[in-house]
Amino acid sequence: MNFKKIFPQLLTLVVVILVFGFFSYNAQVNMENRGITFGYGFLSQESSFDVQFSLIEYDGSHSYFRAYLVGLLNTILVSVIGIVFATIIGVVVGIARLSSNYLIERTAAIYVEFFRNIPLLLQIFFWYFAALRALPLPEKAEPMFGVFFLTIKGFFIPAFIWNNLDIFIYSVIAAIIAIFFVRAYAKKKQENQGAQTPVLLISIGLLIILPLLSFLLGGVDASIEIPVIEQLSKTSFTYKGGLKLPPELISLALALSLYTATFIAECVRAGVQGVSKGQKEAAASIGLTPNQVLKLVVMPQALRIIIPPTTNQYLNLTKNSSLAAAIAYPDLVLVFAGTALMQTGRAIEIVSITMLTYLTLSITISIFMNWYNKKIAIKEK
Amino acid sequence: MFKLVKRLTSVVAMFAVLFTFTTETMAAKKSKTLKNTQKKGFVRCGVSQGLPGFSNADAAGNWTGVDVDVCRAVAAAVLGDSSKVKFTPLSAKERFTALTSNEIDILSRNTTWTLSRDADIGLTFVGVNFYDGQGFMVRKNSGISSVNDFKAGVSACTNLGTTTELNMRDFFNSKGIKYEPVTFEKADEVVAAYDAGRCDTYTTDKSGLAAQRIKLSNPDDHMVLPETISKEPLGPVVRQGDSVWEDIVRWSLNTMIEAEEYGVTSANADMMKTSDNPAVKRLVGAEGELGAALGLDNEWSLRIIKQVGNYGESYKRNIADTGILPDRGPNELWTKGGILYVPPAR
């Protein structure tokens, strides 16, 4: 027990408590003076406003909490779509920047410089207002493959109508678990006997065969519903049936992934270039094919450099998705910190919940990426 | 864990409050807002981000409109000069926070008076300066001539966080129509999306529809449907808790309306001092001590009429002559078939 060590920490703690105490007291007094009450009871009240696009069943007769969930799920949806596409585009462009082909390398470089140097909000406006205007009205849309309709009112695609969907999902989960076992077995076999197993082929096979069995034996049945044009008035049309992706979602996901992909591409390029040339030459000299050099020598080392900055980009993308409010995509900020805030007037409560939600989302992504980073880090033996 | 979340939330909340509100002791007996306004030398007024006829800035940054005139009237009454107003353009989302957090002292921004807004969130509505109602705009060639022609699947563009959003739901629900609400934060974006064909209809207050129609690429291709689906009494708002300031804003507005009722205009206000009608004399401050009750001098109302004009002049200048809504409809005096009726100034 060293008093000298403990005293400063105790002092800091007291100061922190006093500061927060002062803030809380001050806030309470001020809110009382202005006749503003504080509480989260409003969350269970009827929201009485509708939202255009929701992943769960929702309308104005549900509670504000349900509206919060709608916004949260929409934020997660656009973030996940954005992250997936940003990663794919980013990796492709990043590798293209290392290409020895002049044309490919230049094209990738121009793309990166162009998209990362224009403010994201402008890009979102561009994809929404400029690109949207270029899309045809529903009645003039040319069908893609006869069943997809890209129109100004949204992207209408066929939907599956399922019977016994749960059994199908179980079969997919079973296939995924089986793949994990196959992989573990293949690794052991390789370590013990040095023999390679065609893991990829077996995995694909499992993913096809098990769900197929559920169709044949499990009574699973799916039919496809194709969107059909419907007339609303003399000159106004829409599509009925099928699935509808609102244009707001499409343009937001597009803008987010094209913008973030440029940063990921640079991370990938830096990562690959960070692996010393000697490693590649050594790998080639022991007879590995170029593919194996990339897969077994370069990528495992490059990933260690790529992952941490890419995590930042994923976090940025998730937070940037809040710009959705500008183009009417019903994300957390628009539905909850926008409409719900306006209808209830509970600014402090709603802003605090929204802040905590984004914090939680970001920390979750961070924890996952740190876990992955640790997993691929060099294991000193 | 839940407790921790709760505690964290309140900590964050308190932070937000700290940054929003300035420190302040219990409300002073006299009007703090009035004192501050006189000290600053200008009235802090929250307006829209541009709604022709109500509050709109020209290229030189001069604000005009009937909502703007309410703030000018208060400036004329309190400071003696109707030009001493600092305008803050606010979105629908920002407006109430700006008022409760002391950024502005009057919110005059085509805001609908409702019970929950008046009672729940620290605001007080002082009156109505425009009686409005929600309507729908459609394309003329769509063949829709009444709200009964809407069919399931219709997409409606509107502003976020307004009573419009709630009325729209009530309306479509009562008709049993499934609709797609597309809500934007800024009015300009609503107009752009509707113009592009994203939505079949654009819904907001009818005055707003009339004003925004001018911004469409071909205004003549669009029309406002005859039906009105809601009551939207629009009026200025002040913070709760300063009843003197509340009275000043209320009676500045009332003065404009009463001046029209008694035929007092900016041109003849001075001559009316010698009128035979005691009500008129009171209105221009030639009789009685009405200003003292508000903590002002006795010429306050005369200045409003001289510098801003009566309600009729304001309406004509901002809404009728600009072609937005030439017909005054319910916003006509009660003596002429409208519903403008204010308590007497005495």
# chains A, B, ... in the order shown; residues from 1 in each chain; ligands from 1
$ residues_around --residues "Leu123 (chain B)" --least-positions-apart "4" --cutoff "6 Å" --atoms "only C-alpha atoms" --output "list in words"
Asp118, Val238, Arg239 and Gln240 of chain B
$ residues_around --residues "Asn141 (chain B)" --least-positions-apart "3" --cutoff "9 Å" --atoms "only C-alpha atoms" --output "list in words"
Lys234 and Thr235 of chain A; Val138, Ile144, Asp221 and His222 of chain B
$ residues_around --residues "Val93 (chain A)" --least-positions-apart "5" --cutoff "12 Å" --atoms "only C-alpha atoms" --output "ChimeraX atom specification"
/A:85-88,98-99,104-113,258,260-269
$ residues_around --residues "region 102-107 of chain B" --least-positions-apart "4" --cutoff "10 Å" --atoms "only C-alpha atoms" --output "number ranges by chain"
B: 20-22, 33-34, 36-37, 43-48, 67-68, 70-71, 74, 86-88, 90, 95-98, 111, 123, 125, 235-239, 245-246, 249
$ atom_distance --atom1 "CA of Gly242 (chain A)" --atom2 "CA of Pro158 (chain A)"
4.4 Å
$ interface_residues --of "chain A" --to "chain B" --cutoff "7 Å" --atoms "only C-alpha atoms" --output "NGL selection string"
:A and (23-24 or 27 or 33-36 or 48-52 or 133 or 152-153 or 232-236 or 325-328 or 338-339 or 342-343 or 345 or 348-349 or 352-353)
